[in-house]
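work.txt (compact mmCIF, C-alpha atoms and all ligand atoms) appears below.
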```txt
# COMPACT_ATOMS: atom_id res chain seq x y z
CA MET Q 1 -48.53 18.98 2.74
CA SER Q 2 -49.15 17.14 5.93
CA ILE Q 3 -49.44 13.44 6.26
CA SER Q 4 -51.23 11.57 8.96
CA ARG Q 5 -49.39 9.28 11.32
CA ARG Q 6 -51.02 6.34 9.61
CA GLU Q 7 -49.83 7.36 6.16
CA PHE Q 8 -46.34 7.97 7.44
CA LEU Q 9 -46.16 4.48 8.90
CA LYS Q 10 -47.39 2.98 5.63
CA ILE Q 11 -44.64 4.69 3.63
CA ALA Q 12 -42.03 3.90 6.23
CA GLY Q 13 -43.08 0.26 6.30
CA ALA Q 14 -43.03 -0.02 2.53
CA SER Q 15 -39.60 1.54 2.25
CA ALA Q 16 -38.27 -0.75 4.96
CA ILE Q 17 -39.55 -3.81 3.15
CA PHE Q 18 -38.22 -2.54 -0.16
CA GLY Q 19 -34.94 -1.61 1.43
CA LEU Q 20 -34.51 -4.98 3.04
CA GLY Q 21 -35.51 -6.69 -0.16
CA GLY Q 22 -32.91 -4.66 -1.99
CA MET Q 23 -30.29 -5.67 0.54
CA ALA Q 24 -31.28 -9.28 0.22
CA ILE Q 25 -30.70 -9.16 -3.53
CA ILE Q 26 -27.27 -7.62 -3.08
CA ASN Q 27 -26.45 -10.14 -0.38
CA GLU Q 28 -27.51 -12.96 -2.61
CA ILE Q 29 -25.29 -11.68 -5.42
CA THR Q 30 -22.41 -11.23 -3.00
CA ASP Q 31 -22.81 -14.80 -1.73
CA ASP Q 32 -22.70 -16.02 -5.29
CA ILE Q 33 -19.60 -14.01 -6.07
CA GLU Q 34 -17.89 -15.63 -3.14
CA ALA Q 35 -17.98 -18.82 -5.14
CA SER Q 36 -15.48 -17.21 -7.55
CA GLN Q 37 -11.88 -18.35 -7.52
CA PHE Q 38 -8.37 -17.23 -8.25
CA SER Q 39 -5.66 -19.37 -9.78
CA PRO Q 40 -2.29 -18.93 -11.49
CA GLY Q 41 -3.80 -19.94 -14.82
CA PRO Q 42 -3.04 -22.94 -17.01
CA ASP Q 43 -0.11 -21.43 -18.93
CA ALA Q 44 1.75 -19.92 -16.00
CA LEU Q 45 5.38 -20.95 -15.54
CA ILE Q 46 5.75 -22.28 -12.03
CA ALA Q 47 8.86 -23.08 -10.03
CA LYS Q 48 9.95 -23.73 -6.48
CA ARG Q 49 12.81 -21.27 -6.83
CA TRP Q 50 13.51 -19.16 -9.88
CA ALA Q 51 17.13 -18.45 -10.72
CA MET Q 52 19.22 -16.99 -13.50
CA VAL Q 53 22.66 -17.72 -14.86
CA VAL Q 54 24.50 -14.97 -16.73
CA ASP Q 55 26.98 -16.46 -19.16
CA MET Q 56 29.42 -13.61 -19.65
CA ARG Q 57 31.30 -15.57 -22.32
CA LYS Q 58 28.45 -14.93 -24.71
CA PHE Q 59 28.56 -11.14 -24.45
CA LYS Q 60 30.72 -9.96 -27.30
CA THR Q 61 29.53 -6.67 -28.72
CA GLU Q 62 27.84 -3.62 -27.28
CA GLU Q 63 24.74 -4.69 -29.16
CA ASP Q 64 24.51 -7.85 -27.01
CA TYR Q 65 24.14 -5.70 -23.91
CA ARG Q 66 21.92 -3.07 -25.46
CA LYS Q 67 19.43 -5.66 -26.67
CA ILE Q 68 18.64 -7.13 -23.25
CA ILE Q 69 18.52 -3.79 -21.46
CA GLU Q 70 16.29 -2.38 -24.17
CA ALA Q 71 14.00 -5.42 -24.00
CA CYS Q 72 13.45 -4.97 -20.28
CA HIS Q 73 13.25 -1.20 -20.09
CA SER Q 74 10.92 -0.78 -23.05
CA ILE Q 75 8.27 -3.30 -21.99
CA HIS Q 76 8.30 -2.13 -18.37
CA ASN Q 77 8.02 1.57 -19.17
CA VAL Q 78 11.28 2.36 -17.42
CA PRO Q 79 11.85 6.11 -17.89
CA ASP Q 80 15.09 7.63 -19.13
CA PHE Q 81 15.65 10.94 -17.38
CA GLY Q 82 18.90 11.43 -19.27
CA ASN Q 83 20.67 12.19 -16.04
CA PRO Q 84 22.67 9.71 -13.96
CA LYS Q 85 21.51 11.27 -10.69
CA ASP Q 86 17.83 10.45 -11.35
CA GLU Q 87 18.52 7.21 -13.24
CA ILE Q 88 16.05 4.33 -13.02
CA LYS Q 89 17.51 0.94 -13.89
CA TRP Q 90 16.21 -2.60 -13.76
CA ILE Q 91 19.09 -4.21 -15.61
CA TRP Q 92 22.37 -2.45 -16.26
CA THR Q 93 26.11 -2.96 -16.57
CA ASP Q 94 29.10 -2.14 -14.42
CA THR Q 95 32.76 -3.11 -14.16
CA PHE Q 96 34.04 -6.31 -12.55
CA GLU Q 97 35.56 -4.23 -9.80
CA HIS Q 98 32.17 -2.75 -8.86
CA ALA Q 99 30.16 -5.90 -9.42
CA PHE Q 100 32.45 -8.23 -7.48
CA PRO Q 101 34.38 -6.07 -5.02
CA GLY Q 102 37.05 -7.99 -3.15
CA GLN Q 103 37.58 -10.43 -5.98
CA GLU Q 104 39.49 -8.06 -8.26
CA HIS Q 105 43.25 -7.75 -8.19
CA GLU Q 106 45.70 -5.74 -10.15
CA TYR Q 107 47.11 -8.66 -12.15
CA MET Q 108 43.85 -10.09 -13.39
CA GLU Q 109 43.10 -10.62 -17.03
CA GLU Q 110 42.88 -7.32 -18.85
CA LYS Q 111 39.76 -8.36 -20.74
CA LEU Q 112 37.84 -9.14 -17.53
CA LYS Q 113 38.84 -5.83 -16.04
CA ARG Q 114 37.37 -3.90 -18.93
CA MET Q 115 34.33 -6.06 -19.55
CA PRO Q 116 30.91 -4.68 -18.55
CA PHE Q 117 28.97 -7.10 -16.34
CA VAL Q 118 25.23 -7.54 -16.62
CA LEU Q 119 23.61 -6.71 -13.30
CA LEU Q 120 20.05 -6.89 -12.02
CA CYS Q 121 18.20 -7.58 -8.78
CA ASN Q 122 19.56 -10.88 -7.43
CA HIS Q 123 16.23 -12.02 -5.99
CA CYS Q 124 18.13 -12.97 -2.88
CA ASP Q 125 17.05 -15.96 -0.84
CA ASN Q 126 17.64 -13.93 2.28
CA PRO Q 127 16.75 -10.45 1.04
CA PRO Q 128 17.56 -7.55 3.37
CA CYS Q 129 15.28 -5.27 1.32
CA VAL Q 130 12.27 -7.36 2.40
CA ARG Q 131 13.31 -7.34 6.02
CA VAL Q 132 13.44 -3.57 6.26
CA CYS Q 133 10.36 -2.64 4.23
CA PRO Q 134 7.85 -1.23 6.72
CA THR Q 135 4.80 -1.65 4.47
CA LYS Q 136 5.56 -5.06 2.96
CA ALA Q 137 5.58 -3.36 -0.43
CA THR Q 138 8.69 -5.45 -0.99
CA PHE Q 139 8.06 -9.09 -0.27
CA LYS Q 140 9.33 -12.48 -1.29
CA ARG Q 141 7.04 -14.78 -3.22
CA LYS Q 142 7.04 -18.51 -2.62
CA ASP Q 143 8.86 -19.05 -5.89
CA GLY Q 144 11.72 -16.79 -4.83
CA ILE Q 145 10.78 -13.64 -6.74
CA VAL Q 146 11.48 -10.59 -4.61
CA MET Q 147 8.47 -8.61 -5.64
CA MET Q 148 7.51 -4.95 -5.60
CA ASP Q 149 3.92 -4.01 -4.84
CA GLN Q 150 3.90 -0.48 -6.23
CA HIS Q 151 0.49 0.13 -4.71
CA ARG Q 152 1.97 -0.02 -1.24
CA CYS Q 153 5.35 1.64 -1.59
CA ILE Q 154 5.57 4.83 0.46
CA GLY Q 155 8.97 5.78 -0.88
CA CYS Q 156 10.82 5.62 2.44
CA ARG Q 157 13.83 4.09 0.62
CA PHE Q 158 14.81 1.83 3.52
CA CYS Q 159 15.08 -0.96 0.96
CA MET Q 160 17.58 1.02 -1.08
CA ALA Q 161 19.77 1.48 1.95
CA ALA Q 162 19.47 -2.22 2.76
CA CYS Q 163 20.17 -3.64 -0.71
CA PRO Q 164 23.93 -4.15 -1.05
CA PHE Q 165 23.67 -4.41 -4.83
CA GLY Q 166 22.19 -1.06 -5.78
CA ALA Q 167 19.37 -2.91 -7.48
CA ARG Q 168 16.65 -0.42 -6.61
CA SER Q 169 15.88 2.98 -8.04
CA PHE Q 170 13.80 5.79 -6.64
CA ASN Q 171 11.53 7.95 -8.78
CA TRP Q 172 12.63 11.49 -8.01
CA ARG Q 173 10.65 12.77 -10.96
CA ASP Q 174 7.36 11.93 -12.58
CA PRO Q 175 8.12 9.22 -15.14
CA ARG Q 176 5.22 10.46 -17.26
CA GLY Q 177 6.74 13.89 -17.58
CA LYS Q 178 8.84 15.48 -20.34
CA ASP Q 179 12.32 16.97 -20.41
CA ASP Q 180 13.12 20.64 -21.22
CA LYS Q 181 12.98 19.89 -24.91
CA GLY Q 182 9.53 18.33 -24.63
CA ARG Q 183 10.68 14.75 -25.10
CA PRO Q 184 8.80 12.30 -22.88
CA PHE Q 185 10.91 10.32 -20.39
CA ILE Q 186 9.24 7.14 -21.58
CA LYS Q 187 9.83 7.16 -25.31
CA GLU Q 188 7.07 4.78 -26.21
CA GLU Q 189 4.68 3.59 -23.56
CA ASN Q 190 3.88 -0.09 -23.46
CA LYS Q 191 0.11 0.07 -23.09
CA GLU Q 192 -0.01 -3.37 -21.51
CA TYR Q 193 2.11 -2.44 -18.50
CA PRO Q 194 1.72 0.36 -15.97
CA THR Q 195 4.18 3.16 -15.33
CA ARG Q 196 5.18 4.19 -11.84
CA THR Q 197 4.68 7.55 -10.13
CA LYS Q 198 7.00 10.00 -8.49
CA GLY Q 199 7.96 8.85 -5.01
CA VAL Q 200 8.10 5.08 -5.35
CA VAL Q 201 10.97 2.63 -5.58
CA GLU Q 202 11.21 0.13 -8.43
CA LYS Q 203 13.38 -2.71 -9.65
CA CYS Q 204 13.40 -5.92 -11.69
CA THR Q 205 10.48 -8.19 -10.78
CA LEU Q 206 11.80 -11.15 -12.76
CA CYS Q 207 9.01 -10.47 -15.26
CA PHE Q 208 6.32 -11.91 -12.98
CA GLU Q 209 3.71 -10.66 -15.47
CA ARG Q 210 5.30 -12.66 -18.29
CA LEU Q 211 5.73 -15.82 -16.22
CA ALA Q 212 1.98 -15.67 -15.57
CA LYS Q 213 1.43 -15.92 -19.33
CA GLY Q 214 3.91 -18.74 -19.79
CA LEU Q 215 6.68 -16.51 -21.17
CA LYS Q 216 10.28 -16.35 -19.99
CA PRO Q 217 11.68 -13.01 -18.81
CA ALA Q 218 12.15 -10.49 -21.60
CA CYS Q 219 15.90 -10.15 -21.05
CA VAL Q 220 16.32 -13.93 -21.22
CA GLU Q 221 14.35 -14.06 -24.43
CA ALA Q 222 16.40 -11.27 -26.00
CA SER Q 223 19.75 -12.65 -24.83
CA ASN Q 224 20.23 -15.40 -27.40
CA GLY Q 225 21.17 -17.94 -24.77
CA ALA Q 226 23.46 -15.72 -22.74
CA LEU Q 227 20.95 -15.59 -19.89
CA ILE Q 228 19.63 -18.90 -18.65
CA PHE Q 229 16.50 -19.03 -16.54
CA GLY Q 230 14.91 -21.87 -14.60
CA ASP Q 231 14.03 -23.68 -11.41
CA LEU Q 232 16.90 -24.11 -8.99
CA LYS Q 233 15.05 -26.81 -7.06
CA GLU Q 234 14.45 -28.91 -10.17
CA PRO Q 235 17.48 -31.22 -10.66
CA ASN Q 236 16.91 -31.55 -14.41
CA SER Q 237 16.39 -27.90 -15.17
CA GLU Q 238 18.65 -26.03 -17.55
CA VAL Q 239 20.01 -23.74 -14.83
CA ARG Q 240 21.00 -26.72 -12.73
CA LYS Q 241 22.76 -28.33 -15.69
CA VAL Q 242 24.65 -25.15 -16.44
CA LEU Q 243 25.53 -24.68 -12.78
CA SER Q 244 26.81 -28.22 -12.41
CA THR Q 245 29.04 -28.03 -15.46
CA ASN Q 246 30.51 -24.55 -15.10
CA TYR Q 247 32.36 -22.59 -12.49
CA THR Q 248 30.05 -19.82 -11.31
CA ILE Q 249 30.26 -16.97 -8.85
CA ARG Q 250 27.66 -14.81 -7.12
CA ARG Q 251 27.85 -11.16 -6.16
CA LYS Q 252 28.98 -10.41 -2.61
CA ALA Q 253 28.26 -13.95 -1.44
CA GLU Q 254 30.04 -13.14 1.82
CA LEU Q 255 27.11 -10.94 2.89
CA GLY Q 256 24.84 -13.95 3.18
CA THR Q 257 21.93 -12.59 1.12
CA MET Q 258 22.17 -15.69 -1.10
CA PRO Q 259 21.68 -14.22 -4.57
CA SER Q 260 19.79 -16.28 -7.14
CA VAL Q 261 21.74 -14.79 -10.03
CA PHE Q 262 24.91 -16.68 -10.95
CA TYR Q 263 27.76 -15.62 -13.24
CA ILE Q 264 29.95 -17.65 -15.55
CA ILE Q 265 32.87 -15.32 -16.10
CA GLY Q 266 34.76 -17.17 -18.75
CA MET A 267 -35.15 39.08 26.29
CA TYR A 268 -31.76 40.72 26.67
CA ASN A 269 -29.66 41.33 23.59
CA GLY A 270 -32.41 39.93 21.37
CA GLY A 271 -31.07 41.78 18.32
CA LYS A 272 -27.57 40.45 18.70
CA ILE A 273 -28.79 36.92 19.17
CA ILE A 274 -30.89 37.09 16.03
CA ILE A 275 -28.03 38.51 13.99
CA GLY A 276 -25.82 35.81 15.41
CA LEU A 277 -28.34 33.17 14.45
CA ILE A 278 -28.60 34.50 10.91
CA ILE A 279 -24.83 34.43 10.50
CA PHE A 280 -24.74 30.93 11.95
CA LEU A 281 -27.44 29.70 9.59
CA ALA A 282 -25.79 31.33 6.61
CA PHE A 283 -22.59 29.60 7.55
CA VAL A 284 -24.13 26.18 8.08
CA ALA A 285 -26.16 26.36 4.91
CA PHE A 286 -23.19 27.50 2.84
CA PRO A 287 -22.72 24.17 1.05
CA LEU A 288 -26.38 24.20 0.06
CA TYR A 289 -26.63 27.59 -1.59
CA TYR A 290 -23.08 27.45 -2.86
CA ASN A 291 -24.12 24.62 -5.10
CA ILE A 292 -27.42 26.16 -6.26
CA GLY A 293 -27.49 26.36 -10.01
CA LYS A 294 -24.47 24.09 -10.19
CA VAL A 295 -26.45 20.95 -9.61
CA SER A 296 -24.65 18.39 -11.70
CA VAL A 297 -26.54 16.32 -14.17
CA LYS A 298 -27.23 12.79 -13.18
CA PRO A 299 -24.39 10.60 -14.37
CA GLU A 300 -25.18 8.40 -17.32
CA PRO A 301 -22.32 6.03 -17.83
CA LYS A 302 -22.09 4.70 -21.37
CA LEU A 303 -21.34 1.14 -22.29
CA ASP A 304 -21.11 1.39 -26.04
CA THR A 305 -17.60 0.63 -27.16
CA SER A 306 -16.88 -1.41 -30.25
CA VAL A 307 -15.57 -4.30 -28.15
CA ILE A 308 -18.71 -4.39 -26.04
CA GLN A 309 -20.93 -4.12 -29.13
CA GLN A 310 -19.29 -7.19 -30.56
CA LEU A 311 -19.89 -9.31 -27.47
CA LYS A 312 -22.56 -11.91 -28.06
CA GLU A 313 -23.59 -11.76 -24.47
CA LYS A 314 -23.05 -8.29 -23.09
CA LYS A 315 -21.93 -9.25 -19.62
CA CYS A 316 -19.18 -8.05 -17.34
CA VAL A 317 -17.18 -10.50 -15.24
CA GLU A 318 -19.93 -10.48 -12.61
CA PRO A 319 -23.62 -9.38 -12.66
CA LYS A 320 -24.29 -5.69 -13.27
CA ALA A 321 -25.80 -5.00 -9.83
CA TYR A 322 -22.74 -6.44 -8.16
CA MET A 323 -20.31 -4.57 -10.40
CA LYS A 324 -22.17 -1.32 -9.81
CA ALA A 325 -22.02 -1.63 -6.05
CA GLU A 326 -18.82 -3.55 -5.50
CA HIS A 327 -16.42 -3.03 -8.42
CA MET A 328 -13.95 -1.33 -6.12
CA LYS A 329 -13.89 -4.36 -3.87
CA LEU A 330 -13.42 -6.68 -6.81
CA LEU A 331 -10.59 -4.52 -8.18
CA ASN A 332 -8.91 -4.64 -4.80
CA GLU A 333 -9.13 -8.41 -4.72
CA TRP A 334 -7.84 -8.62 -8.28
CA ARG A 335 -4.89 -6.44 -7.46
CA ASP A 336 -3.92 -8.48 -4.40
CA SER A 337 -4.42 -11.73 -6.24
CA ALA A 338 -2.21 -10.75 -9.19
CA VAL A 339 0.52 -8.82 -7.40
CA ARG A 340 0.76 -10.56 -4.07
CA ASP A 341 -0.31 -14.14 -4.77
CA GLY A 342 0.68 -14.38 -8.42
CA ASN A 343 -2.82 -15.57 -9.35
CA ARG A 344 -3.83 -14.03 -12.65
CA LEU A 345 -6.81 -16.14 -13.55
CA TYR A 346 -10.25 -15.24 -12.22
CA ILE A 347 -12.99 -17.82 -12.36
CA ASN A 348 -16.30 -16.05 -11.87
CA SER A 349 -19.44 -17.26 -10.17
CA GLU A 350 -20.57 -18.83 -13.46
CA GLY A 351 -17.31 -20.67 -13.94
CA LYS A 352 -16.11 -18.37 -16.74
CA GLN A 353 -12.42 -17.44 -16.83
CA PHE A 354 -10.87 -14.02 -17.11
CA THR A 355 -7.32 -12.73 -17.01
CA ILE A 356 -6.83 -10.44 -14.06
CA SER A 357 -5.65 -7.12 -15.41
CA LEU A 358 -7.02 -3.60 -15.17
CA GLN A 359 -5.31 -2.38 -18.34
CA ASN A 360 -5.63 -5.54 -20.41
CA THR A 361 -8.99 -6.89 -19.34
CA CYS A 362 -11.27 -4.21 -17.81
CA MET A 363 -10.18 -1.37 -20.04
CA LYS A 364 -10.18 -3.39 -23.26
CA CYS A 365 -13.99 -3.43 -23.01
CA HIS A 366 -14.45 -0.13 -21.23
CA SER A 367 -12.20 1.83 -23.53
CA ASN A 368 -14.51 4.82 -23.17
CA LYS A 369 -13.06 5.72 -19.78
CA LYS A 370 -14.42 9.29 -19.84
CA LYS A 371 -17.99 8.20 -20.42
CA PHE A 372 -17.79 5.08 -18.31
CA CYS A 373 -15.52 5.60 -15.31
CA ASP A 374 -15.17 9.37 -15.04
CA GLU A 375 -18.89 10.01 -15.50
CA CYS A 376 -19.74 8.62 -12.06
CA HIS A 377 -16.42 9.26 -10.37
CA ASN A 378 -16.66 12.97 -11.16
CA TYR A 379 -20.26 13.10 -9.99
CA ALA A 380 -19.40 11.39 -6.72
CA ALA A 381 -16.15 13.38 -6.44
CA VAL A 382 -14.14 10.18 -6.11
CA LYS A 383 -10.68 10.38 -7.54
CA PRO A 384 -9.15 6.92 -7.75
CA TYR A 385 -5.41 7.12 -8.31
CA CYS A 386 -5.33 4.02 -10.53
CA TRP A 387 -4.49 6.15 -13.57
CA ASP A 388 -1.39 7.63 -12.02
CA CYS A 389 0.29 4.37 -13.01
CA HIS A 390 -2.08 2.29 -15.11
CA ILE A 391 -2.30 3.60 -18.63
CA ALA A 392 -5.84 4.57 -19.55
CA PRO A 393 -6.97 3.51 -23.00
CA LYS A 394 -6.68 6.10 -25.75
CA GLU A 395 -10.10 7.67 -26.21
CA LYS A 396 -11.36 7.88 -29.74
CA GLU A 397 -12.79 11.26 -30.64
CA ILE A 398 -16.52 10.92 -31.10
S1 LIG Z 401 19.44 -7.72 -4.94
FE1 LIG Z 401 18.84 -6.10 -3.51
S2 LIG Z 401 16.77 -5.62 -4.12
FE2 LIG Z 401 17.22 -7.58 -5.03
S3 LIG Z 401 16.51 -9.08 -3.53
FE3 LIG Z 401 18.67 -8.76 -3.11
S4 LIG Z 401 18.67 -7.17 -1.55
FE4 LIG Z 401 16.64 -7.14 -2.46
S1 LIG Z 402 10.66 2.52 -0.39
FE1 LIG Z 402 8.83 1.30 -0.73
S2 LIG Z 402 9.59 -0.77 -1.09
FE2 LIG Z 402 11.28 0.39 -0.21
S3 LIG Z 402 11.19 -0.01 1.98
FE3 LIG Z 402 10.01 1.87 1.63
S4 LIG Z 402 7.89 1.17 1.29
FE4 LIG Z 402 9.22 -0.64 1.11
S1 LIG Z 403 13.86 -10.47 -15.53
FE1 LIG Z 403 12.39 -9.12 -16.53
S2 LIG Z 403 12.25 -7.39 -15.16
FE2 LIG Z 403 14.11 -8.47 -14.58
S3 LIG Z 403 15.74 -7.52 -15.78
FE3 LIG Z 403 15.00 -9.25 -16.98
S4 LIG Z 403 13.47 -8.34 -18.32
FE4 LIG Z 403 13.82 -6.89 -16.69
```

Could you spell out this file's structure in structure tokens?
Ligand code: SF4
Ligand code: SF4
Ligand code: SF4
Amino acid sequence: MSISRREFLKIAGASAIFGLGGMAIINEITDDIEASQFSPGPDALIAKRWAMVVDMRKFKTEEDYRKIIEACHSIHNVPDFGNPKDEIKWIWTDTFEHAFPGQEHEYMEEKLKRMPFVLLCNHCDNPPCVRVCPTKATFKRKDGIVMMDQHRCIGCRFCMAACPFGARSFNWRDPRGKDDKGRPFIKEENKEYPTRTKGVVEKCTLCFERLAKGLKPACVEASNGALIFGDLKEPNSEVRKVLSTNYTIRRKAELGTMPSVFYIIG
Amino acid sequence: MYNGGKIIIGLIIFLAFVAFPLYYNIGKVSVKPEPKLDTSVIQQLKEKKCVEPKAYMKAEHMKLLNEWRDSAVRDGNRLYINSEGKQFTISLQNTCMKCHSNKKKFCDECHNYAAVKPYCWDCHIAPKEKEI
């Protein structure tokens, strides 16, 4: 089939007009969409600086520890590789000696020596992990949460080397996988929260997804008052009250990272 | 013409090579994607509307998802107020996929056709498909 020059121009003209018209419609929609907005939402818990107090006096039985760790790890799909070398932990326990090196001495109270301390990311005010992250996958929010953007993490692990608290874990294995016996590493997936992939770093995010819904962190909720959470910059907040009436210590304060997690040790 | 034969053979090989993608796909022409919208959640909606108009979602959903992700993760803003003033919680798993629970017939249908493999599902948990 051959078309004359005239016919060709007619079709070309029509398609141009149609094409432009089509574009105009899309542009119009796009302009409209630009009127859309983002906000924290009416229920969101908001603070100038989030902080946590761990009241070690209230931890009595193994169950007290298990409950809070379980609360965090189950809702955040933290895998259990059953192997300390690959371990992923957001909240865990360790001895006084390891948690507060330099403050232990051989004559200290026997109970303290043996007691497991609850540890998590300190959401430092001056976080070295943020400073070294080349992709800004780790960043500090205005409210003090040291956040992980899993979409951006390239797994270079600079942050792990920089964090003096061992608060970050690297995914050596696929968290969605199964062990030799066919048991999945994540026992029961929480469908409301993503998993991670092999090759990224993860840690406690102070339950930013729960704060957005007006809920306190899961570990705080499960702790029966042993973990106290609130705004450090709010003079009447519960954390401030607890801090002003108890003697508290922070982990490795001498390093100047300014942890936002405080400990009442009894 | 010198070496006419060789040149012609050369040309044929060249053409065969260049046209490889064309005849390689002959007979494999994929069917036109027909994404499906019917999930029970969508059926129950009084007004069957996504967060923004269909034309926009079709062309720009990836841009919107990008903005949603940055808003939620980086700015801590989880509420989206659309161009009509309606409010939605920003969440791929808990908002988008609650309606579009038929991921295979909705997302994959076009993504497979266009050979786009978004890696969202490496982390975000896709809804459980009901057997039809
Ligand atoms: S505890 Fe470690 S990971 Fe957490 S903010 Fe401080 S330096 Fe970063
Ligand atoms: S491992 Fe990820 S979060 Fe850590 S420094 Fe590298 S990119 Fe940043
Ligand atoms: S604040 Fe949330 S993410 Fe952090 S340890 Fe507690 S439960 Fe886990």

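Residue-level contact on chain A: within 6 Å of chain Q, counting only C-alpha atoms, the set is Asn343, Arg344, Leu345, Tyr346, Ile347, Asn348, Ser349, Cys389, His390 and Ile391 of chain A.
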
Those same residues, written as an mmCIF file, keeping the file's coordinate frame with C-alpha atoms?
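Output contents, as saved in again_7.cif:
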```
data_model
loop_
_atom_site.group_PDB
_atom_site.id
_atom_site.type_symbol
_atom_site.label_atom_id
_atom_site.label_comp_id
_atom_site.auth_asym_id
_atom_site.auth_seq_id
_atom_site.Cartn_x
_atom_site.Cartn_y
_atom_site.Cartn_z
ATOM 1 C CA ASN A 343 -2.820 -15.570 -9.350
ATOM 2 C CA ARG A 344 -3.830 -14.030 -12.650
ATOM 3 C CA LEU A 345 -6.810 -16.140 -13.550
ATOM 4 C CA TYR A 346 -10.250 -15.240 -12.220
ATOM 5 C CA ILE A 347 -12.990 -17.820 -12.360
ATOM 6 C CA ASN A 348 -16.300 -16.050 -11.870
ATOM 7 C CA SER A 349 -19.440 -17.260 -10.170
ATOM 8 C CA CYS A 389 0.290 4.370 -13.010
ATOM 9 C CA HIS A 390 -2.080 2.290 -15.110
ATOM 10 C CA ILE A 391 -2.300 3.600 -18.630
#
```

Original post:
Using only C-alpha atoms, which residues sit within 9 Å of segment 365-378 of chain A once same-chain residues fewer than 6 positions away are excluded, as a ChimeraX atom specification?
Top reply: /A:298-308,316,384,392-396

Report as CSV: every residue of segment 145-234 of chain Q with an atom at most 9 Å from segment 110-126 of chain Q, its closest pair of atoms, and their distance in Å to one decimal, counting all atoms listed in the file, with rows sorted by chain and ascending residue number.
```
residue,atom,partner,partner_atom,distance
Q:Ile145,CA,Q:His123,CA,5.7
Q:Val146,CA,Q:His123,CA,5.1
Q:Met147,CA,Q:His123,CA,8.5
Q:Phe165,CA,Q:Cys121,CA,7.5
Q:Gly166,CA,Q:Cys121,CA,8.2
Q:Ala167,CA,Q:Cys121,CA,5.0
Q:Arg168,CA,Q:Cys121,CA,7.6
Q:Lys203,CA,Q:Cys121,CA,6.9
Q:Cys204,CA,Q:Cys121,CA,5.9
Q:Thr205,CA,Q:Cys121,CA,8.0
Q:Leu206,CA,Q:His123,CA,8.1
```

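Distance-wise, atom CA of Ile68 of chain Q and atom CA of Glu221 of chain Q end up 8.2 Å apart.
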
Original post:
Suppose you want the space between atom CA of Gly225 of chain Q and atom CA of Arg250 of chain Q; what is it in Å?
Top reply: 19.1 Å

Original post:
Which residue, Q:Lys10, Q:Arg131, Q:Lys233, Q:Lys136, has the smallest gap to ligand LIG 401 (chain Z) when you use all atoms listed in the file?
Top reply: Q:Arg131

Original post:
Using all atoms listed in the file, which protein or nucleic acid residues are at most 7 Å from ligand LIG 402 (chain Z), as a ChimeraX atom specification?
Top reply: /Q:129,132-138,148,152-160,200-201

**OP:** Please identify every polymer residue within 7 Å of ligand LIG 403 (chain Z), using all atoms listed in the file, and present the set as a ChimeraX atom specification.
**Re:** /Q:71-73,90-91,120,204-207,217-220

**OP:** Check the smallest atom-to-atom distance from each of Q:Ser169, Q:Thr245, Q:Thr95, Q:Asn83 to ligand LIG 401 (chain Z) using all atoms listed in the file, then report the winner.
**Re:** Q:Ser169

Extending 5 Å beyond the listed atoms of segment 162-179 of chain Q on each side, what axis-aligned box results? I want centre and edge lengths in Å to one decimal, as lines of an AutoDock Vina configuration file.
```
center_x = 14.6
center_y = 6.3
center_z = -8.8
size_x = 28.7
size_y = 31.4
size_z = 33.2
```
